[in-house]
Amino acid sequence: MLKDKDIREPLFNFLEDRYGKIRIFEEKNIGRSRADVIMITDALIYGIEIKSDADTYQRLQTQIQDYDLFADINFLVAGSTHGEHIKEHVPEHWGIITVESTEDGADFYILREPQLNPNALIKNQMAFLWRPELAHIQELNEMHKYANKSKAFVTEKIIETVDETVLKKQITDELFERDYTTVFEKINEYRKEHNMKPRRKKKYKKRKK
């Protein structure tokens with residue numbers, strides 16, 4: 001029986017072989033849920049929910065609704081025990097990857113190719129960005145800084161100003177370039193400059209499936 005921890009690293013290798021240049025973020029908050037994986041490609045954001053053989057479908061419908069509000073394309077990665085009925089549990093635009101245990105490790109198979117999700121909102125995708133990353137997008141588009149305005153205000157101004165196709169590429173570029181060894185320092189530099197309290201790193205508990 002494959003568990004979540006047995007699936008992740010082989011899955012990331014499989015996705016890299018399939019898509020080429022990618023950036024993986026794990027355990028990202030999306031609405032009421034926490035995404036197992038957010039994958040960034042060139043101008044597209046993928047949501048990937050993992051249901052190992054040890055998991056249930058108890059929270060899946062809520063998770064699907066949240067993924068659909070944030071990701072351009074979604075995949076469900078399902079253990080072999082879910083294989084026969086998995087199509088019944090996800091919308092038609094979701095892709096399905098099945099995973100089985102073999103002598104050589106986890107083996108992945110595309111059971112159903114994904115389609116573009118019609119429900120993703122660019123406003124939600126911008127929530128993945130830190131304030132300095134938003135500031136860089138403002139700079140790229142020669143926008144006013146709105147230094148004393150809220151993140152929500154700045155987000156709306158960017159959406160009003162920048163073509164969505166251009167903005168999507170800029171969002172994914174920022175996520176590709178994010179350096180976690182320096183990002184908190186950059187955030188706190190920004191917050192200090194604008195007389196805001198420094199930000200602390202968050203620690204997350206593993207969620208229930």
# chains A, B, ... in the order shown; residues from 1 in each chain; ligands from 1
>>> residues_around(residues="Pro114 of chain A", least_positions_apart="6", cutoff="12 Å", atoms="only C-alpha atoms", output="PyMOL selection string")
chain A and resi 46-48+71-77+90-97
>>> select_by_dssp(residues="chain A", states="strand (DSSP E or B)", output="ChimeraX atom specification")
/A:23-30,33-41,44-51,73-79,95-102,105-112
>>> residues_around(residues="Tyr146 of chain A", least_positions_apart="2", cutoff="12 Å", atoms="only C-alpha atoms", output="list in words")
Arg131, Leu134, Ala135, Gln138, Glu139, Met143, His144, Asn148, Lys149, Ser150, Lys151, Ala152, Phe153, Val154, Thr155, Glu156, Lys157, Ile158 and His194 of chain A
>>> write_last_selection(atoms="N, CA and C atoms", output="tab-separated table (two decimals), in the first residue's frame")
chain	number	residue	atom	x	y	z
A	131	ARG	N	4.04	40.34	-0.84
A	131	ARG	CA	3.94	41.78	-1.16
A	131	ARG	C	5.11	42.28	-2.01
A	134	LEU	N	4.38	41.39	-5.56
A	134	LEU	CA	3.38	42.28	-6.14
A	134	LEU	C	4.02	43.61	-6.52
A	135	ALA	N	4.90	44.10	-5.65
A	135	ALA	CA	5.57	45.37	-5.92
A	135	ALA	C	6.41	45.28	-7.20
A	138	GLN	N	4.11	45.57	-10.10
A	138	GLN	CA	3.77	46.98	-10.28
A	138	GLN	C	4.88	47.72	-11.02
A	139	GLU	N	6.10	47.43	-10.63
A	139	GLU	CA	7.26	48.08	-11.27
A	139	GLU	C	7.35	47.70	-12.74
A	143	MET	N	3.46	51.00	-12.71
A	143	MET	CA	2.31	51.43	-11.93
A	143	MET	C	2.73	52.27	-10.74
A	144	HIS	N	1.78	53.02	-10.22
A	144	HIS	CA	1.98	53.72	-8.95
A	144	HIS	C	2.21	52.69	-7.85
A	148	ASN	N	1.04	52.66	0.89
A	148	ASN	CA	0.31	52.59	2.16
A	148	ASN	C	-1.05	51.92	2.03
A	149	LYS	N	-1.30	51.31	0.90
A	149	LYS	CA	-2.56	50.63	0.66
A	149	LYS	C	-2.44	49.14	1.00
A	150	SER	N	-3.57	48.50	1.22
A	150	SER	CA	-3.58	47.08	1.56
A	150	SER	C	-3.20	46.22	0.37
A	151	LYS	N	-2.85	44.97	0.68
A	151	LYS	CA	-2.54	44.02	-0.38
A	151	LYS	C	-3.74	43.81	-1.29
A	152	ALA	N	-4.93	43.75	-0.70
A	152	ALA	CA	-6.15	43.57	-1.50
A	152	ALA	C	-6.36	44.73	-2.45
A	153	PHE	N	-6.11	45.95	-1.99
A	153	PHE	CA	-6.26	47.13	-2.84
A	153	PHE	C	-5.28	47.08	-4.00
A	154	VAL	N	-4.02	46.77	-3.68
A	154	VAL	CA	-2.99	46.69	-4.73
A	154	VAL	C	-3.32	45.60	-5.75
A	155	THR	N	-3.80	44.47	-5.26
A	155	THR	CA	-4.18	43.38	-6.16
A	155	THR	C	-5.23	43.83	-7.15
A	156	GLU	N	-6.27	44.51	-6.67
A	156	GLU	CA	-7.33	44.99	-7.55
A	156	GLU	C	-6.81	45.97	-8.58
A	157	LYS	N	-5.91	46.87	-8.16
A	157	LYS	CA	-5.35	47.85	-9.09
A	157	LYS	C	-4.53	47.17	-10.18
A	158	ILE	N	-3.78	46.14	-9.80
A	158	ILE	CA	-3.00	45.41	-10.80
A	158	ILE	C	-3.92	44.73	-11.80
A	194	HIS	N	7.69	50.38	5.33
A	194	HIS	CA	6.35	50.96	5.38
A	194	HIS	C	5.75	50.92	6.79
>>> select_by_dssp(residues="segment 56-138 of chain A", states="helix (DSSP H, G or I)", output="PyMOL selection string")
chain A and resi 60-70+80-82+86-88+122-126+131-138
>>> closest_atom_pairs(of="segment 116-180 of chain A", to="segment 10-24 of chain A", cutoff="10 Å", atoms="only C-alpha atoms", output="tab-separated table")
residue	atom	partner	partner_atom	distance
A:Thr172	CA	A:Arg23	CA	9.3
A:Leu175	CA	A:Arg23	CA	7.8
A:Phe176	CA	A:Arg23	CA	6.0
A:Glu177	CA	A:Arg23	CA	9.2
A:Arg178	CA	A:Arg23	CA	9.7
